[in-house]
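As provided, coords34.txt (compact mmCIF, C-alpha atoms and all ligand atoms) reads as follows.
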# COMPACT_ATOMS: atom_id res chain seq x y z
CA MET A 1 268.40 51.36 -66.07
CA SER A 2 265.11 50.43 -64.33
CA SER A 3 262.60 48.23 -66.05
CA LEU A 4 258.83 48.25 -66.37
CA GLN A 5 256.78 45.20 -65.51
CA VAL A 6 254.21 45.16 -68.29
CA LYS A 7 251.18 42.88 -68.41
CA VAL A 8 249.75 42.72 -71.93
CA TRP A 9 246.52 41.05 -73.04
CA ARG A 10 247.16 38.13 -75.38
CA GLY A 11 244.65 36.15 -77.42
CA GLY A 12 240.98 36.86 -78.07
CA GLU A 13 238.01 37.31 -75.72
CA GLN A 14 239.14 34.32 -73.64
CA GLY A 15 242.81 35.32 -73.55
CA SER A 16 244.97 36.24 -70.57
CA PHE A 17 247.74 38.65 -69.58
CA GLN A 18 251.36 37.93 -70.43
CA ARG A 19 254.21 39.55 -68.52
CA PHE A 20 257.13 41.36 -70.20
CA ASP A 21 260.03 43.37 -68.78
CA VAL A 22 260.66 46.52 -70.78
CA PRO A 23 263.49 49.06 -70.22
CA ARG A 24 262.14 52.28 -68.72
CA LEU A 25 263.18 55.37 -70.67
CA GLU A 26 262.73 59.09 -70.32
CA SER A 27 259.66 60.54 -72.09
CA GLN A 28 258.49 57.03 -73.03
CA THR A 29 254.88 56.65 -74.17
CA VAL A 30 252.68 53.62 -73.65
CA LEU A 31 252.77 53.08 -77.42
CA ASP A 32 256.60 53.05 -77.23
CA VAL A 33 256.32 50.24 -74.66
CA VAL A 34 254.00 48.17 -76.84
CA THR A 35 256.23 48.77 -79.87
CA HIS A 36 259.32 47.68 -77.90
CA ILE A 37 257.60 44.42 -76.99
CA GLN A 38 256.53 43.75 -80.59
CA ARG A 39 259.95 44.62 -82.08
CA HIS A 40 262.26 43.08 -79.48
CA LEU A 41 260.42 40.53 -77.34
CA ASP A 42 257.51 38.97 -79.25
CA SER A 43 256.89 39.83 -82.90
CA THR A 44 253.49 38.10 -82.84
CA LEU A 45 251.96 40.81 -80.62
CA ALA A 46 249.07 42.47 -82.52
CA TYR A 47 248.25 46.16 -81.99
CA ARG A 48 247.24 49.19 -84.04
CA PHE A 49 248.73 52.61 -84.56
CA ALA A 50 249.34 54.92 -87.49
CA CYS A 51 250.19 58.59 -86.87
CA ARG A 52 251.85 58.53 -83.40
CA VAL A 53 250.87 62.19 -82.96
CA GLY A 54 247.24 62.09 -81.77
CA MET A 55 245.60 62.49 -85.17
CA CYS A 56 244.39 59.11 -86.41
CA GLY A 57 242.62 57.66 -83.36
CA SER A 58 243.86 54.11 -83.96
CA CYS A 59 246.09 53.51 -80.91
CA ALA A 60 243.55 53.55 -78.05
CA MET A 61 243.88 50.82 -75.41
CA VAL A 62 242.95 50.33 -71.77
CA VAL A 63 245.99 51.25 -69.65
CA ASN A 64 245.90 50.43 -65.94
CA GLY A 65 242.11 50.21 -66.13
CA ARG A 66 241.36 53.35 -68.14
CA ALA A 67 240.92 53.84 -71.89
CA ARG A 68 243.53 56.23 -73.35
CA TRP A 69 245.26 57.20 -76.59
CA THR A 70 248.56 55.44 -76.08
CA CYS A 71 250.72 57.54 -78.44
CA ARG A 72 250.14 60.67 -76.34
CA THR A 73 250.12 58.99 -72.91
CA HIS A 74 253.46 59.07 -71.12
CA VAL A 75 254.37 56.10 -68.96
CA ALA A 76 255.26 58.49 -66.13
CA GLU A 77 251.62 59.70 -66.01
CA VAL A 78 250.04 56.27 -65.69
CA ALA A 79 252.49 53.65 -64.33
CA ARG A 80 251.80 52.44 -60.81
CA GLY A 81 255.36 52.23 -59.58
CA ASN A 82 256.93 50.26 -62.40
CA VAL A 83 253.77 48.36 -63.32
CA LEU A 84 251.65 48.77 -66.46
CA GLU A 85 248.66 46.69 -67.52
CA ILE A 86 247.66 47.11 -71.17
CA ALA A 87 244.42 45.64 -72.52
CA PRO A 88 242.19 46.10 -75.59
CA LEU A 89 239.32 48.63 -75.57
CA ARG A 90 236.20 47.56 -73.69
CA HIS A 91 232.75 47.08 -75.28
CA LEU A 92 234.20 45.97 -78.62
CA PRO A 93 234.97 42.41 -79.79
CA VAL A 94 238.63 41.48 -79.37
CA ILE A 95 240.17 40.20 -82.60
CA ARG A 96 243.58 39.42 -81.15
CA ASP A 97 245.78 40.85 -78.39
CA LEU A 98 245.29 44.64 -78.38
CA VAL A 99 243.26 44.82 -81.61
CA THR A 100 239.51 45.25 -81.39
CA ASP A 101 236.88 45.02 -84.11
CA MET A 102 235.80 48.64 -84.60
CA ARG A 103 232.80 47.79 -86.80
CA PRO A 104 230.15 48.01 -84.04
CA PHE A 105 231.52 51.46 -83.12
CA PHE A 106 231.28 52.84 -86.66
CA ASP A 107 228.02 50.99 -87.42
CA LYS A 108 226.54 53.14 -84.67
CA TRP A 109 227.75 56.32 -86.38
CA ALA A 110 225.69 55.14 -89.38
CA ALA A 111 222.74 54.21 -87.13
CA ALA A 112 222.86 57.72 -85.61
CA ARG A 113 222.66 58.96 -89.20
CA GLY A 114 226.11 60.47 -88.98
CA GLN A 115 226.38 61.09 -92.74
CA PHE A 116 226.35 64.63 -94.08
CA GLU A 117 223.33 65.30 -96.32
CA PRO A 118 224.25 68.05 -98.81
CA THR A 119 221.74 70.70 -99.83
CA THR A 120 223.75 71.95 -102.79
CA ASN A 121 225.62 70.34 -105.64
CA ARG A 122 229.19 70.82 -106.83
CA HIS A 123 228.20 73.43 -109.40
CA GLU A 124 226.93 75.82 -106.74
CA ASP A 125 229.04 78.24 -104.71
CA PHE A 126 230.60 77.20 -101.39
CA ALA A 127 228.50 77.81 -98.28
CA ARG A 128 230.03 80.46 -96.05
CA VAL A 129 229.60 79.81 -92.32
CA GLN A 130 231.10 82.62 -90.26
CA PRO A 131 233.46 81.41 -87.49
CA GLU A 132 231.72 83.63 -84.93
CA SER A 133 228.19 82.43 -85.81
CA PRO A 134 226.32 80.50 -83.07
CA GLN A 135 225.92 77.45 -85.33
CA ARG A 136 229.65 77.28 -85.97
CA GLN A 137 230.51 77.85 -82.29
CA GLN A 138 228.16 75.01 -81.37
CA VAL A 139 230.01 72.42 -83.45
CA ASP A 140 233.62 73.65 -83.56
CA ALA A 141 234.78 71.41 -80.71
CA GLY A 142 232.76 68.36 -81.79
CA ILE A 143 234.18 68.15 -85.31
CA GLU A 144 237.66 67.53 -83.87
CA CYS A 145 236.66 63.93 -83.00
CA ILE A 146 239.31 61.43 -84.19
CA GLY A 147 237.11 58.34 -83.77
CA CYS A 148 239.38 56.75 -81.17
CA ALA A 149 236.50 55.11 -79.20
CA VAL A 150 238.01 56.06 -75.82
CA CYS A 151 234.62 57.52 -74.84
CA TYR A 152 232.74 54.46 -76.10
CA SER A 153 235.01 52.11 -74.16
CA SER A 154 234.50 54.23 -71.02
CA CYS A 155 230.69 54.52 -71.18
CA ASP A 156 228.77 52.42 -68.63
CA VAL A 157 225.57 52.57 -70.65
CA VAL A 158 227.26 50.98 -73.67
CA GLY A 159 228.33 48.17 -71.32
CA TRP A 160 224.78 47.70 -70.02
CA ASN A 161 223.00 48.10 -73.36
CA PRO A 162 224.96 47.01 -76.45
CA GLU A 163 222.36 48.75 -78.63
CA TYR A 164 223.10 52.18 -77.10
CA LEU A 165 224.51 54.45 -79.81
CA GLY A 166 227.18 55.82 -77.51
CA PRO A 167 228.87 59.18 -77.06
CA ALA A 168 230.92 59.48 -80.26
CA ALA A 169 228.09 58.64 -82.67
CA MET A 170 225.78 61.11 -80.96
CA ASN A 171 228.47 63.78 -80.86
CA ARG A 172 228.69 63.32 -84.64
CA ALA A 173 224.90 63.58 -85.01
CA TRP A 174 224.93 66.81 -82.97
CA THR A 175 227.53 68.40 -85.27
CA LEU A 176 225.27 67.65 -88.24
CA VAL A 177 222.08 68.86 -86.52
CA ASN A 178 223.88 72.21 -86.11
CA ASP A 179 225.44 72.29 -89.57
CA VAL A 180 223.58 74.90 -91.61
CA ARG A 181 224.69 73.18 -94.83
CA ASP A 182 223.06 69.86 -93.88
CA GLY A 183 219.56 69.10 -95.17
CA ALA A 184 218.46 66.22 -92.91
CA ARG A 185 218.09 67.77 -89.45
CA ASP A 186 214.85 65.94 -88.62
CA GLU A 187 216.24 62.62 -89.86
CA HIS A 188 219.32 62.98 -87.63
CA LEU A 189 217.07 63.76 -84.66
CA THR A 190 214.76 60.82 -85.42
CA ALA A 191 217.80 58.50 -85.51
CA VAL A 192 218.89 59.46 -81.99
CA ALA A 193 215.45 59.82 -80.38
CA GLY A 194 214.76 56.10 -79.76
CA ASP A 195 215.45 53.88 -76.73
CA ALA A 196 219.08 53.36 -77.77
CA GLY A 197 219.62 57.08 -78.26
CA CYS A 198 220.18 60.29 -76.35
CA HIS A 199 217.53 59.78 -73.67
CA SER A 200 219.39 56.74 -72.30
CA CYS A 201 222.46 58.81 -71.38
CA HIS A 202 222.80 59.20 -67.60
CA THR A 203 225.02 62.33 -67.98
CA HIS A 204 227.70 61.17 -65.53
CA MET A 205 230.24 62.60 -67.99
CA THR A 206 232.79 59.78 -68.07
CA CYS A 207 233.07 60.23 -71.85
CA THR A 208 233.77 63.93 -71.42
CA GLU A 209 236.37 63.38 -68.69
CA ARG A 210 238.24 60.80 -70.78
CA CYS A 211 238.05 62.23 -74.31
CA PRO A 212 241.66 62.98 -75.26
CA LYS A 213 240.56 65.76 -77.62
CA GLY A 214 238.69 67.68 -74.91
CA ILE A 215 235.32 67.14 -76.61
CA SER A 216 232.16 66.98 -74.51
CA PRO A 217 229.86 64.28 -75.91
CA THR A 218 227.76 64.79 -72.77
CA ALA A 219 226.99 68.37 -73.85
CA ALA A 220 226.24 67.17 -77.40
CA ILE A 221 223.83 64.55 -76.06
CA ALA A 222 222.16 67.11 -73.79
CA GLY A 223 221.69 69.27 -76.89
CA LEU A 224 220.13 66.32 -78.71
CA LYS A 225 217.76 65.72 -75.78
CA ARG A 226 216.54 69.32 -75.99
CA ALA A 227 216.31 69.28 -79.78
CA THR A 228 214.43 65.96 -79.98
CA PHE A 229 212.00 67.16 -77.31
CA ALA A 230 211.36 70.41 -79.19
CA ALA A 231 210.94 68.54 -82.49
CA ALA A 232 208.49 66.09 -80.87
CA LEU A 233 206.39 69.01 -79.55
CA LYS A 234 206.20 70.33 -83.11
CA GLY A 235 205.11 66.88 -84.33
CA LYS A 236 208.26 66.42 -86.44
CA LEU A 237 209.39 63.11 -84.91
S1 LIG A 301 227.59 60.90 -70.19
FE1 LIG A 301 226.24 59.54 -71.41
S2 LIG A 301 227.43 58.98 -73.23
FE2 LIG A 301 228.88 59.88 -71.72
S3 LIG A 301 229.71 58.11 -70.62
FE3 LIG A 301 227.92 58.79 -69.46
S4 LIG A 301 226.16 57.61 -70.30
FE4 LIG A 301 227.88 57.40 -71.73
S1 LIG A 302 234.55 62.00 -78.80
FE1 LIG A 302 236.67 62.04 -78.04
S2 LIG A 302 236.94 60.04 -77.05
FE2 LIG A 302 235.13 59.88 -78.34
S3 LIG A 302 235.85 59.03 -80.28
FE3 LIG A 302 235.86 61.28 -80.50
S4 LIG A 302 237.92 61.92 -79.90
FE4 LIG A 302 237.67 59.82 -79.18
S1 LIG A 303 248.71 56.60 -83.30
FE1 LIG A 303 247.33 58.06 -84.19
S2 LIG A 303 246.24 58.85 -82.46
FE2 LIG A 303 247.75 57.53 -81.57

What is this file in structure tokens?
Ligand code: SF4
Ligand code: SF4
Ligand code: FES
Amino acid sequence: MSSLQVKVWRGGEQGSFQRFDVPRLESQTVLDVVTHIQRHLDSTLAYRFACRVGMCGSCAMVVNGRARWTCRTHVAEVARGNVLEIAPLRHLPVIRDLVTDMRPFFDKWAAARGQFEPTTNRHEDFARVQPESPQRQQVDAGIECIGCAVCYSSCDVVGWNPEYLGPAAMNRAWTLVNDVRDGARDEHLTAVAGDAGCHSCHTHMTCTERCPKGISPTAAIAGLKRATFAAALKGKL
């Protein structure tokens, strides 16, 4: 049986890589490799996962230089020969080993005003949004976001400007701007119109290329640019 040479980040921000040899198996995922190390070689290794089926968004790491969801990434797709390098997500504080502090990521969802603002109460009838309506078509892809932060970790502008809201938070804002049930369209647009918002995106599409769910935050941000411009012309921002 061949073995993988795996370098894994250990420690906090000032840590370093530690080498492990892991048996190479058929259909093995990167998360399987990390789990093997934690269960059989070093039980102190810290990492996160929950669903193992691409639903929860908790298992993202940087694998051979690129952020990925590790439970759905096969070793055969990403290993260079028999070598794997596994590190925590970029642009987030490292707590320990492969675990990052996700608070700055989700704080930006709040800063982008990513909360739904209802226009009805629970005593009223359900809103009916037809699947073929333009509003629904506009947001159908975006609402599949699992909050994995692969896009955030891959975005150059987040690296240059820690205040930048980032692709996932603005994708969320765009789904709400287009949600006919939401009552705070102008407030969502105001939240993303500043220097740290949509106009700082350079549209190179790294987030879109890397999103494991096939979402295009770049398209969402382009929509926000148009919508904030139109709202500003009407004096709403
Ligand atoms: S397209 Fe915009 S949000 Fe996406 S990675 Fe580039 S700068 Fe970041
Ligand atoms: S937009 Fe895609 S890459 Fe970004 S957090 Fe959502 S699912 Fe992950
Ligand atoms: S463990 Fe849930 S998405 Fe990977």

(message) Need the shell around Val62 in chain A: protein/DNA/RNA residues with any atom at most 6 Å away, counting all atoms listed in the file. Skip same-chain ones fewer than 6 positions apart. Format as a list in words?
(response)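 That gives Ile86, Ala87, Pro88 and Leu89 of chain A.
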
At most 6 Å is the cut-off: for each residue in chain A with any atom that close to an atom of ligand LIG 302 (chain A), write down the nearest atom pair and the distance in Å rounded to one decimal, counting all atoms listed in the file, chain first then increasing number, as a Markdown table.
| residue | atom | partner | partner_atom | distance |
| --- | --- | --- | --- | --- |
| A:Cys145 | CA | A:LIG302 | FE3 | 3.7 |
| A:Ile146 | CA | A:LIG302 | S4 | 4.5 |
| A:Gly147 | CA | A:LIG302 | S3 | 3.8 |
| A:Cys148 | CA | A:LIG302 | FE4 | 4.0 |
| A:Ala149 | CA | A:LIG302 | S3 | 4.1 |
| A:Val150 | CA | A:LIG302 | S2 | 4.3 |
| A:Cys151 | CA | A:LIG302 | S2 | 4.1 |
| A:Ala168 | CA | A:LIG302 | FE2 | 4.6 |
| A:Cys211 | CA | A:LIG302 | S2 | 3.7 |
| A:Pro212 | CA | A:LIG302 | FE1 | 5.8 |
| A:Lys213 | CA | A:LIG302 | S4 | 5.2 |
| A:Ile215 | CA | A:LIG302 | FE1 | 5.5 |
| A:Pro217 | CA | A:LIG302 | S1 | 6.0 |

(request) Tell me, in Å to one decimal, how far CA of Leu31 in chain A is from CA of Gly15 in chain A. (result)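 These atoms are spaced 20.7 Å apart.
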
(message) When you look at Ala46 in chain A with a cut-off of 7 Å (counting all atoms listed in the file), what residues show up, excluding the ones that are within fewer than 5 positions of it in the same chain? I need them as a ChimeraX atom specification.
(response) /A:96-99

(message) Would you pick out the contacts of range 2-6 of chain A at 8 Å or less, using only C-alpha atoms, so that residues sharing its chain but fewer than 6 positions from it are not included, and give the list as a PyMOL selection string?
(response) chain A and resi 19-24+82-86

(message) List as a PyMOL selection string the protein and nucleic acid residues lying within 6 Å of ligand LIG 301 (chain A), with only C-alpha atoms and all ligand atoms counted.
(response) chain A and resi 155-157+166-167+201-207+218

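The contact shell of ligand LIG 303 (chain A), defined as all polymer residues within 10 Å when all atoms listed in the file are used, comprises Leu31, Arg48, Phe49, Ala50, Cys51, Arg52, Val53, Gly54, Met55, Cys56, Gly57, Ser58, Cys59, Ala60, Met61, Arg68, Trp69, Thr70, Cys71, Arg72, Thr73, Ile146, Gly147, Cys148 and Pro212 of chain A.
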
(message) Could you check the closest approach to Ser216 in chain A for each of A:Leu237, A:Leu25, A:Ala141, A:Val8 and tell me which residue wins, using all atoms listed in the file?
(response)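 Of A:Leu237, A:Leu25, A:Ala141, A:Val8, the one nearest Ser216 in chain A, counting all atoms listed in the file, is A:Ala141.
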
(message) Report, in Å to a single decimal, how far apart CA of Asn121 in chain A and CA of Asn171 in chain A are.
(response) 25.8 Å

(message) So that I can see what lies close to Asp101 in chain A, please list as a ChimeraX atom specification the residues with an atom at most 10 Å from it, counting only C-alpha atoms and leaving out residues fewer than 4 positions away in the same chain.
(response) /A:89,91-96,105-106

(message) Just to confirm, what's the straight-line distance from CA of Ser27 in chain A to CA of Ala76 in chain A in Å (one decimal)?
(response)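 A separation of 7.7 Å between them.
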
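The residue that comes closest to Asp107 in chain A, out of A:Ser43, A:Ala193, A:Leu165, A:Ile37 and on the basis of only C-alpha atoms, is A:Leu165.
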